[in-house]
Each structure stands twice: as C-alpha cells, then as structure tokens.
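Report on one structure; see the data block that follows.
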Amino acid sequence: MLITYTAILKTKKEIAPRVFHLQFSYPTDVNWSYQSGQYMIFHLPSLENEHPVCRLYSIASAPSQKNSLDFIIEIVPGGIGSSYIENMNEGDSITMQGPAGIFTLKTSDRDIVMLATGTGIAPMYSMIQEISNSKNQNPNIYLFWGLKYGKDIYLKQELDKLADENPNFQYSICLSREEKNIDDARCLKGRVTKGLENLTTDDLRPTTDFDYYLCGSPHVVESLRSDLEAKCVPKNQVYFEKFT
C-alpha cells in the first residue's frame, strides 16, 4: 500500500561532485514500514507543467532507522527533478509516496554478490545495513561498486565500518577511468566485472554459487546481465533495478 505524506528536508550535503546525501523526516504518526531496496516517489513541482513531476529515488537508509529516510541523489544537469533537488534547502517540504518496488532481499542459502554503479549503491547500502543489523546467521556479501575516478568516492568511512564490524561483508570500489594509483586495498582499477573475476578466482568457486543484485543505468545493468548469462548464472539468481 502506497502512503502519501509531507516530508521535511533535515540535512543536505554534497558528498561527491554533483552527488548529494539527503535526509528527510516524516510525521511520527505515519504508520508504515519498508524493505531495504525499495524506493519512494517524489512529487516535484515543475515550472513547465501544471502537475507535479514524479521521480523515483531508492532509499539508502536501513529499515531500522526511525522517523527519517536517507537518499543519495546525483544531480543531472537540465533534469527537472535534479534542478528542484539541487535548489532545495534544509527545512523545505516535499510530497512523497511509497514505499514501492520489488528490488528487495530474497530468502536464499546462497552468498550474495552486489554489482552497483554510481548512485546504484543506494539500495545496496540499505540492504547491507539490514543484513549487518540482523541477529540471524548472515550470508557472505561481496559488493563491487563501480565509479569513474577516486574523486567520485563517497560512503567510504561507512562501508569501511560495516566491513570492519561484519566479517561476512567485503567490498571493492572499482574505478573504471582512474589513472593514478589509489593506496587502498579496497579500491581497484577496472569495471565491476573485474572484481567479480577476482572473487571467483580467489575463492575457487563457480559464478553460479551466488545470488546477484545489480543496480545502475539500464545500459550497465543489461551489460552485467549478459555477462552473468554468459557465465551460465540462472536467471532466477539475478535481481536488478535500473536507474533512469
């Protein structure tokens, strides 16, 4: 069931070039819950249209976080939604509707590989927090997050903390265009598929031993799906969300 309410922008911070972390508070009397990986529908006023413009943004916070939602949003030049978000100030209100989406954690005995690019990290970050906070026996999680350059990195301290506290979680940031050497064992040069190749080589496990969660632009997601299909990964072990 979708719930519509007015949310207030509590904090807004640019965490990488043209990438913002935003936290919104919502009324305490709103009785709802969501699953990690889901998104909210933002109803944004538009100067060009009589009716609000709807934009979908994945929730980056864990379901255990109360009375507020976090989002990681990239500002796209010329985008109607981006322009509105970029000009928002702390204390401004916005109409949200949700939660929605089926890109959620599935029950499985297999370990998890997450392949994300850009702000596709948002739903993955929510999932990783949820699993790490769980008292149940956790699967091993391997995150490979693709960015272009070292300057594009964010959430580094948060991911380091999760990896240090949860021995079942490992991650690598894959920099596709970085030429400089990055003195960090959790950063490597290449596409996210480079990290996957390293994983299956080091662990001596076939690619089919994992469940896969993919999130990024449509082109990237389709490319990754093709790569996994070529490696004989069953389609029912691949879950994905395309950001447009």
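Starting from 1 in every chain, residues are counted up; chains themselves are A, B, ... following the order of the structure tokens, and ligands are numbered from 1 as listed.
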Quick one: residues within 9 Å of segment 60-63 of chain A, only C-alpha atoms, excluding same-chain residues fewer than 6 positions away - as a PyMOL selection string? chain A and resi 33-37+39+69-72+121-130+133
Okay, now the selection with N, CA and C atoms, as a PDB file, in the first residue's frame?
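Final file, selection.pdb:
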ATOM      1  N   SER A  33       5.989   0.872   6.977  1.00  0.00           N
ATOM      2  CA  SER A  33       7.301   0.228   7.016  1.00  0.00           C
ATOM      3  C   SER A  33       7.731  -0.035   5.579  1.00  0.00           C
ATOM      4  N   TYR A  34       9.004  -0.307   5.408  1.00  0.00           N
ATOM      5  CA  TYR A  34       9.513  -0.589   4.065  1.00  0.00           C
ATOM      6  C   TYR A  34      10.597  -1.647   4.147  1.00  0.00           C
ATOM      7  N   GLN A  35      10.942  -2.196   3.003  1.00  0.00           N
ATOM      8  CA  GLN A  35      12.024  -3.162   2.908  1.00  0.00           C
ATOM      9  C   GLN A  35      13.231  -2.502   2.248  1.00  0.00           C
ATOM     10  N   SER A  36      14.410  -2.905   2.675  1.00  0.00           N
ATOM     11  CA  SER A  36      15.605  -2.365   2.044  1.00  0.00           C
ATOM     12  C   SER A  36      15.588  -2.706   0.556  1.00  0.00           C
ATOM     13  N   GLY A  37      15.986  -1.742  -0.255  1.00  0.00           N
ATOM     14  CA  GLY A  37      15.952  -1.901  -1.700  1.00  0.00           C
ATOM     15  C   GLY A  37      14.776  -1.195  -2.356  1.00  0.00           C
ATOM     16  N   TYR A  39      11.966   1.992  -3.069  1.00  0.00           N
ATOM     17  CA  TYR A  39      12.148   3.399  -3.398  1.00  0.00           C
ATOM     18  C   TYR A  39      10.919   4.207  -2.994  1.00  0.00           C
ATOM     19  N   LEU A  69      14.307   9.191   6.447  1.00  0.00           N
ATOM     20  CA  LEU A  69      14.763   8.410   5.301  1.00  0.00           C
ATOM     21  C   LEU A  69      15.960   9.105   4.673  1.00  0.00           C
ATOM     22  N   ASP A  70      16.958   8.318   4.266  1.00  0.00           N
ATOM     23  CA  ASP A  70      18.134   8.855   3.594  1.00  0.00           C
ATOM     24  C   ASP A  70      18.081   8.520   2.107  1.00  0.00           C
ATOM     25  N   PHE A  71      18.590   9.437   1.306  1.00  0.00           N
ATOM     26  CA  PHE A  71      18.670   9.237  -0.139  1.00  0.00           C
ATOM     27  C   PHE A  71      20.026   9.715  -0.641  1.00  0.00           C
ATOM     28  N   ILE A  72      20.523   9.070  -1.679  1.00  0.00           N
ATOM     29  CA  ILE A  72      21.740   9.502  -2.358  1.00  0.00           C
ATOM     30  C   ILE A  72      21.339   9.821  -3.793  1.00  0.00           C
ATOM     31  N   ILE A 121      24.414   2.467  -5.699  1.00  0.00           N
ATOM     32  CA  ILE A 121      24.848   1.986  -4.385  1.00  0.00           C
ATOM     33  C   ILE A 121      23.741   2.156  -3.340  1.00  0.00           C
ATOM     34  N   ALA A 122      22.810   3.085  -3.548  1.00  0.00           N
ATOM     35  CA  ALA A 122      21.823   3.431  -2.517  1.00  0.00           C
ATOM     36  C   ALA A 122      21.027   2.229  -2.006  1.00  0.00           C
ATOM     37  N   PRO A 123      20.327   1.471  -2.859  1.00  0.00           N
ATOM     38  CA  PRO A 123      19.577   0.329  -2.330  1.00  0.00           C
ATOM     39  C   PRO A 123      20.486  -0.757  -1.773  1.00  0.00           C
ATOM     40  N   MET A 124      21.680  -0.907  -2.350  1.00  0.00           N
ATOM     41  CA  MET A 124      22.641  -1.896  -1.847  1.00  0.00           C
ATOM     42  C   MET A 124      23.075  -1.539  -0.425  1.00  0.00           C
ATOM     43  N   TYR A 125      23.332  -0.253  -0.205  1.00  0.00           N
ATOM     44  CA  TYR A 125      23.758   0.217   1.113  1.00  0.00           C
ATOM     45  C   TYR A 125      22.677  -0.068   2.150  1.00  0.00           C
ATOM     46  N   SER A 126      21.424   0.135   1.771  1.00  0.00           N
ATOM     47  CA  SER A 126      20.317  -0.181   2.666  1.00  0.00           C
ATOM     48  C   SER A 126      20.286  -1.673   2.989  1.00  0.00           C
ATOM     49  N   MET A 127      20.462  -2.510   1.964  1.00  0.00           N
ATOM     50  CA  MET A 127      20.456  -3.961   2.157  1.00  0.00           C
ATOM     51  C   MET A 127      21.598  -4.417   3.061  1.00  0.00           C
ATOM     52  N   ILE A 128      22.785  -3.882   2.818  1.00  0.00           N
ATOM     53  CA  ILE A 128      23.958  -4.285   3.603  1.00  0.00           C
ATOM     54  C   ILE A 128      23.758  -3.930   5.068  1.00  0.00           C
ATOM     55  N   GLN A 129      23.205  -2.748   5.320  1.00  0.00           N
ATOM     56  CA  GLN A 129      22.937  -2.355   6.706  1.00  0.00           C
ATOM     57  C   GLN A 129      21.927  -3.294   7.351  1.00  0.00           C
ATOM     58  N   GLU A 130      20.875  -3.634   6.612  1.00  0.00           N
ATOM     59  CA  GLU A 130      19.844  -4.517   7.165  1.00  0.00           C
ATOM     60  C   GLU A 130      20.427  -5.880   7.523  1.00  0.00           C
ATOM     61  N   ASN A 133      22.716  -5.663  10.534  1.00  0.00           N
ATOM     62  CA  ASN A 133      21.994  -5.447  11.789  1.00  0.00           C
ATOM     63  C   ASN A 133      21.213  -6.673  12.239  1.00  0.00           C
TER      64      ASN A 133
END
Just want the 6 Å neighbourhood of segment 2-5 of chain A, counted on only C-alpha atoms, with same-chain residues fewer than 6 positions away dropped. Output as a list of chain:residue names.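 Counting only the stated atoms, we get A:Thr95, A:Met96, A:Gln97, A:Gly98, A:Pro99.
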Could you write out that same residue set with N, CA and C atoms as a PDB file, in the first residue's frame?
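Generated file (out_4.pdb):
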ATOM      1  N   THR A  95       6.392  16.393  -1.105  1.00  0.00           N
ATOM      2  CA  THR A  95       5.411  15.313  -1.030  1.00  0.00           C
ATOM      3  C   THR A  95       6.046  14.021  -1.524  1.00  0.00           C
ATOM      4  N   MET A  96       5.953  12.994  -0.702  1.00  0.00           N
ATOM      5  CA  MET A  96       6.483  11.673  -1.049  1.00  0.00           C
ATOM      6  C   MET A  96       5.363  10.645  -1.030  1.00  0.00           C
ATOM      7  N   GLN A  97       5.565   9.598  -1.811  1.00  0.00           N
ATOM      8  CA  GLN A  97       4.608   8.494  -1.846  1.00  0.00           C
ATOM      9  C   GLN A  97       5.390   7.187  -1.916  1.00  0.00           C
ATOM     10  N   GLY A  98       4.936   6.199  -1.151  1.00  0.00           N
ATOM     11  CA  GLY A  98       5.633   4.925  -1.175  1.00  0.00           C
ATOM     12  C   GLY A  98       5.323   4.117   0.077  1.00  0.00           C
ATOM     13  N   PRO A  99       6.102   3.100   0.366  1.00  0.00           N
ATOM     14  CA  PRO A  99       7.249   2.625  -0.416  1.00  0.00           C
ATOM     15  C   PRO A  99       6.786   1.772  -1.602  1.00  0.00           C
TER      16      PRO A  99
END
Which polymer residues have any atom within 12 Å of an atom of Thr119 of chain A, counting only C-alpha atoms, with same-chain residues fewer than 2 positions away left out, as a ChimeraX atom specification? /A:15-16,18-21,57-60,71-76,115-117,121-125,145-147,152-155,214-217,241-244
Keeping only N, CA and C atoms, write the selected residues to a file as a compact mmCIF listing (two decimals), in the first residue's frame.
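Final file, out_18.txt:
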# COMPACT_ATOMS: atom_id res chain seq x y z
N ILE A 15 28.35 15.07 -1.16
CA ILE A 15 29.34 14.10 -0.71
C ILE A 15 30.33 13.71 -1.79
N ALA A 16 30.05 14.11 -3.02
CA ALA A 16 30.95 13.92 -4.16
C ALA A 16 30.46 14.91 -5.22
N ARG A 18 28.46 16.69 -7.54
CA ARG A 18 27.09 16.59 -8.02
C ARG A 18 26.32 15.40 -7.44
N VAL A 19 26.79 14.88 -6.33
CA VAL A 19 26.08 13.80 -5.63
C VAL A 19 25.76 14.28 -4.22
N PHE A 20 24.49 14.20 -3.85
CA PHE A 20 24.05 14.71 -2.56
C PHE A 20 23.48 13.59 -1.69
N HIS A 21 23.78 13.70 -0.39
CA HIS A 21 23.12 12.87 0.62
C HIS A 21 22.04 13.73 1.25
N TYR A 57 13.32 7.58 -6.27
CA TYR A 57 14.63 7.56 -5.65
C TYR A 57 14.70 6.43 -4.62
N SER A 58 15.72 5.60 -4.72
CA SER A 58 15.88 4.47 -3.80
C SER A 58 16.24 4.97 -2.41
N ILE A 59 15.72 4.29 -1.42
CA ILE A 59 16.04 4.61 -0.02
C ILE A 59 17.41 4.04 0.31
N ALA A 60 18.27 4.87 0.91
CA ALA A 60 19.62 4.44 1.24
C ALA A 60 19.76 4.04 2.70
N PHE A 71 18.59 9.44 1.31
CA PHE A 71 18.67 9.24 -0.14
C PHE A 71 20.03 9.72 -0.64
N ILE A 72 20.52 9.07 -1.68
CA ILE A 72 21.74 9.50 -2.36
C ILE A 72 21.34 9.82 -3.79
N ILE A 73 21.43 11.09 -4.16
CA ILE A 73 20.88 11.55 -5.43
C ILE A 73 21.95 12.28 -6.24
N GLU A 74 22.09 11.85 -7.48
CA GLU A 74 23.01 12.53 -8.40
C GLU A 74 22.25 13.62 -9.16
N ILE A 75 22.85 14.79 -9.21
CA ILE A 75 22.23 15.90 -9.93
C ILE A 75 22.61 15.82 -11.40
N VAL A 76 21.61 15.66 -12.24
CA VAL A 76 21.82 15.57 -13.69
C VAL A 76 21.51 16.93 -14.29
N LEU A 115 26.52 -5.87 -7.49
CA LEU A 115 27.23 -5.13 -8.53
C LEU A 115 26.48 -3.83 -8.76
N ALA A 116 27.09 -2.72 -8.37
CA ALA A 116 26.42 -1.42 -8.48
C ALA A 116 27.33 -0.43 -9.18
N THR A 117 26.72 0.55 -9.84
CA THR A 117 27.49 1.66 -10.40
C THR A 117 26.82 2.96 -9.98
N ILE A 121 24.41 2.47 -5.70
CA ILE A 121 24.85 1.99 -4.39
C ILE A 121 23.74 2.16 -3.34
N ALA A 122 22.81 3.08 -3.55
CA ALA A 122 21.82 3.43 -2.52
C ALA A 122 21.03 2.23 -2.01
N PRO A 123 20.33 1.47 -2.86
CA PRO A 123 19.58 0.33 -2.33
C PRO A 123 20.49 -0.76 -1.77
N MET A 124 21.68 -0.91 -2.35
CA MET A 124 22.64 -1.90 -1.85
C MET A 124 23.08 -1.54 -0.42
N TYR A 125 23.33 -0.25 -0.21
CA TYR A 125 23.76 0.22 1.11
C TYR A 125 22.68 -0.07 2.15
N TRP A 145 31.47 -1.99 -6.43
CA TRP A 145 30.82 -0.72 -6.73
C TRP A 145 31.65 0.06 -7.74
N GLY A 146 31.07 0.33 -8.87
CA GLY A 146 31.78 0.99 -9.95
C GLY A 146 31.61 2.50 -9.96
N LEU A 147 32.74 3.21 -9.95
CA LEU A 147 32.78 4.66 -10.12
C LEU A 147 33.84 4.97 -11.16
N ASP A 152 35.29 10.58 -7.09
CA ASP A 152 33.86 10.26 -7.06
C ASP A 152 33.45 9.41 -5.86
N ILE A 153 34.42 8.98 -5.06
CA ILE A 153 34.14 8.06 -3.96
C ILE A 153 33.42 8.78 -2.81
N TYR A 154 32.42 8.14 -2.27
CA TYR A 154 31.74 8.59 -1.06
C TYR A 154 31.31 7.36 -0.28
N LEU A 155 30.77 7.53 0.90
CA LEU A 155 30.37 6.43 1.79
C LEU A 155 31.55 5.55 2.20
N LEU A 214 21.92 -6.36 -8.98
CA LEU A 214 22.52 -5.40 -9.89
C LEU A 214 21.74 -4.09 -9.83
N CYS A 215 22.46 -2.97 -9.82
CA CYS A 215 21.78 -1.68 -9.84
C CYS A 215 22.66 -0.63 -10.49
N GLY A 216 22.08 0.09 -11.44
CA GLY A 216 22.80 1.14 -12.15
C GLY A 216 21.98 1.59 -13.35
N SER A 217 22.64 2.20 -14.31
CA SER A 217 21.94 2.66 -15.51
C SER A 217 21.45 1.45 -16.30
N GLU A 241 17.74 -3.62 -10.61
CA GLU A 241 16.99 -2.36 -10.64
C GLU A 241 17.72 -1.43 -11.59
N LYS A 242 16.99 -0.83 -12.52
CA LYS A 242 17.59 0.09 -13.48
C LYS A 242 17.28 1.53 -13.09
N PHE A 243 18.33 2.36 -13.00
CA PHE A 243 18.14 3.78 -12.72
C PHE A 243 18.06 4.53 -14.04
N THR A 244 17.04 5.37 -14.20
CA THR A 244 16.91 6.16 -15.42
C THR A 244 16.94 7.65 -15.09
At a cut-off of 10 Å, using only C-alpha atoms, what residues contact segment 161-171 of chain A? Leave out same-chain residues fewer than 6 positions from it and give the result as a ChimeraX atom specification. /A:111-114,125,128-129,131-133,137-145,155,185-187,195
Writer output for current selection, N, CA and C atoms, as a PDB file, in the first residue's frame:
ATOM      1  N   ASP A 111      25.384 -17.228  -0.970  1.00  0.00           N
ATOM      2  CA  ASP A 111      26.022 -15.954  -0.686  1.00  0.00           C
ATOM      3  C   ASP A 111      25.601 -14.933  -1.735  1.00  0.00           C
ATOM      4  N   ILE A 112      25.866 -13.667  -1.440  1.00  0.00           N
ATOM      5  CA  ILE A 112      25.360 -12.567  -2.259  1.00  0.00           C
ATOM      6  C   ILE A 112      26.501 -11.789  -2.900  1.00  0.00           C
ATOM      7  N   VAL A 113      26.350 -11.507  -4.181  1.00  0.00           N
ATOM      8  CA  VAL A 113      27.243 -10.585  -4.886  1.00  0.00           C
ATOM      9  C   VAL A 113      26.407  -9.390  -5.326  1.00  0.00           C
ATOM     10  N   MET A 114      26.865  -8.194  -4.961  1.00  0.00           N
ATOM     11  CA  MET A 114      26.195  -6.965  -5.362  1.00  0.00           C
ATOM     12  C   MET A 114      27.077  -6.215  -6.349  1.00  0.00           C
ATOM     13  N   TYR A 125      23.332  -0.253  -0.205  1.00  0.00           N
ATOM     14  CA  TYR A 125      23.758   0.217   1.113  1.00  0.00           C
ATOM     15  C   TYR A 125      22.677  -0.068   2.150  1.00  0.00           C
ATOM     16  N   ILE A 128      22.785  -3.882   2.818  1.00  0.00           N
ATOM     17  CA  ILE A 128      23.958  -4.285   3.603  1.00  0.00           C
ATOM     18  C   ILE A 128      23.758  -3.930   5.068  1.00  0.00           C
ATOM     19  N   GLN A 129      23.205  -2.748   5.320  1.00  0.00           N
ATOM     20  CA  GLN A 129      22.937  -2.355   6.706  1.00  0.00           C
ATOM     21  C   GLN A 129      21.927  -3.294   7.351  1.00  0.00           C
ATOM     22  N   ILE A 131      21.212  -6.447   6.616  1.00  0.00           N
ATOM     23  CA  ILE A 131      21.808  -7.759   6.879  1.00  0.00           C
ATOM     24  C   ILE A 131      22.777  -7.678   8.049  1.00  0.00           C
ATOM     25  N   SER A 132      23.583  -6.622   8.093  1.00  0.00           N
ATOM     26  CA  SER A 132      24.570  -6.473   9.163  1.00  0.00           C
ATOM     27  C   SER A 132      23.901  -6.296  10.517  1.00  0.00           C
ATOM     28  N   ASN A 133      22.716  -5.663  10.534  1.00  0.00           N
ATOM     29  CA  ASN A 133      21.994  -5.447  11.789  1.00  0.00           C
ATOM     30  C   ASN A 133      21.213  -6.673  12.239  1.00  0.00           C
ATOM     31  N   GLN A 137      21.901 -15.713  11.211  1.00  0.00           N
ATOM     32  CA  GLN A 137      23.153 -16.049  10.542  1.00  0.00           C
ATOM     33  C   GLN A 137      23.169 -15.380   9.171  1.00  0.00           C
ATOM     34  N   ASN A 138      24.169 -14.560   8.952  1.00  0.00           N
ATOM     35  CA  ASN A 138      24.212 -13.762   7.740  1.00  0.00           C
ATOM     36  C   ASN A 138      24.955 -14.468   6.619  1.00  0.00           C
ATOM     37  N   PRO A 139      24.525 -14.256   5.382  1.00  0.00           N
ATOM     38  CA  PRO A 139      25.301 -14.773   4.247  1.00  0.00           C
ATOM     39  C   PRO A 139      26.542 -13.913   4.051  1.00  0.00           C
ATOM     40  N   ASN A 140      27.482 -14.415   3.307  1.00  0.00           N
ATOM     41  CA  ASN A 140      28.605 -13.582   2.894  1.00  0.00           C
ATOM     42  C   ASN A 140      28.120 -12.628   1.811  1.00  0.00           C
ATOM     43  N   ILE A 141      28.542 -11.379   1.911  1.00  0.00           N
ATOM     44  CA  ILE A 141      28.160 -10.359   0.936  1.00  0.00           C
ATOM     45  C   ILE A 141      29.427  -9.803   0.300  1.00  0.00           C
ATOM     46  N   TYR A 142      29.432  -9.770  -1.019  1.00  0.00           N
ATOM     47  CA  TYR A 142      30.560  -9.205  -1.761  1.00  0.00           C
ATOM     48  C   TYR A 142      30.020  -8.067  -2.624  1.00  0.00           C
ATOM     49  N   LEU A 143      30.410  -6.848  -2.286  1.00  0.00           N
ATOM     50  CA  LEU A 143      29.966  -5.675  -3.034  1.00  0.00           C
ATOM     51  C   LEU A 143      31.077  -5.185  -3.952  1.00  0.00           C
ATOM     52  N   PHE A 144      30.725  -4.989  -5.210  1.00  0.00           N
ATOM     53  CA  PHE A 144      31.632  -4.370  -6.178  1.00  0.00           C
ATOM     54  C   PHE A 144      30.910  -3.143  -6.737  1.00  0.00           C
ATOM     55  N   TRP A 145      31.474  -1.990  -6.426  1.00  0.00           N
ATOM     56  CA  TRP A 145      30.819  -0.716  -6.728  1.00  0.00           C
ATOM     57  C   TRP A 145      31.647   0.056  -7.742  1.00  0.00           C
ATOM     58  N   LEU A 155      30.766   7.528   0.898  1.00  0.00           N
ATOM     59  CA  LEU A 155      30.365   6.428   1.790  1.00  0.00           C
ATOM     60  C   LEU A 155      31.549   5.548   2.202  1.00  0.00           C
ATOM     61  N   ALA A 185      43.514  -0.908  -0.238  1.00  0.00           N
ATOM     62  CA  ALA A 185      43.302  -2.298  -0.655  1.00  0.00           C
ATOM     63  C   ALA A 185      41.874  -2.543  -1.122  1.00  0.00           C
ATOM     64  N   ARG A 186      40.953  -1.668  -0.735  1.00  0.00           N
ATOM     65  CA  ARG A 186      39.557  -1.842  -1.118  1.00  0.00           C
ATOM     66  C   ARG A 186      39.199  -1.084  -2.396  1.00  0.00           C
ATOM     67  N   CYS A 187      40.194  -0.537  -3.066  1.00  0.00           N
ATOM     68  CA  CYS A 187      39.976   0.127  -4.356  1.00  0.00           C
ATOM     69  C   CYS A 187      40.795  -0.579  -5.424  1.00  0.00           C
ATOM     70  N   GLY A 195      36.149  -7.019 -10.389  1.00  0.00           N
ATOM     71  CA  GLY A 195      36.033  -7.508  -9.023  1.00  0.00           C
ATOM     72  C   GLY A 195      35.421  -8.884  -8.963  1.00  0.00           C
TER      73      GLY A 195
END
All residues 8 Å or closer to Thr208 of chain A, only C-alpha atoms, same chain fewer than 5 positions away omitted, as a ChimeraX atom specification: /A:231-234
Take the selection from the previous step and output its residues with N, CA and C atoms, as a CSV table (one decimal), in the first residue's frame.
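What follows is the written file out34.csv:
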chain,number,residue,atom,x,y,z
A,231,LYS,N,28.1,-16.6,-18.2
A,231,LYS,CA,28.8,-17.4,-17.2
A,231,LYS,C,27.8,-18.5,-16.7
A,232,CYS,N,26.7,-18.7,-17.3
A,232,CYS,CA,25.7,-19.7,-17.0
A,232,CYS,C,25.0,-19.5,-15.7
A,233,VAL,N,24.9,-18.3,-15.2
A,233,VAL,CA,24.2,-18.0,-14.0
A,233,VAL,C,22.7,-18.1,-14.3
A,234,PRO,N,21.9,-18.9,-13.5
A,234,PRO,CA,20.5,-18.9,-13.8
A,234,PRO,C,19.8,-17.6,-13.6
Enumerate as a PyMOL selection string all residues of segment 5-212 of chain A assigned to helix (DSSP H, G or I) by DSSP on the backbone, naming them with the chain letters and numbers the document uses. chain A and resi 80-87+118-133+150-152+156-165+192-203+207-209
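For the set A:Ile41, A:Glu178, A:Gly120, A:Ala230, the residue with the smallest atom-to-atom gap to Pro218 of chain A is A:Gly120, counting only C-alpha atoms.
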Between atom CA of Met40 of chain A and atom CA of Gln237 of chain A, what is the spacing in Å?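 So the answer is 25.1 Å.
Our summary of the geometry notes that atom CA of Leu188 of chain A is positioned 8.7 Å from atom CA of Ser176 of chain A.
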Which one is closest to Phe24 of chain A: A:Thr104, A:Lys66, A:Pro45, A:Val53? Count only C-alpha atoms.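 For Phe24 of chain A, the nearest of the given residues is A:Lys66.
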When distances are computed from only C-alpha atoms, which of A:Asp160, A:Lys106, A:Leu224, A:Val30 shows the smallest separation from Asn236 of chain A? A:Lys106
Just give me the gap between atom CA of Cys54 of chain A and atom CA of Ile80 of chain A in Å, one decimal is fine. 9.7 Å
Which of these residues is nearest to Tyr212 of chain A, using only C-alpha atoms: A:Leu175, A:Ser134, A:Gln157, A:Phe103?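 Checking each candidate against Tyr212 of chain A, we get A:Phe103 as the closest.
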Which residue out of A:Ser83, A:Ser64, A:Gln38, A:Asn89 has the minimum interatomic distance to Ile102 of chain A when only C-alpha atoms are used?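 Residue with the minimum atom-to-atom distance to Ile102 of chain A: A:Gln38.
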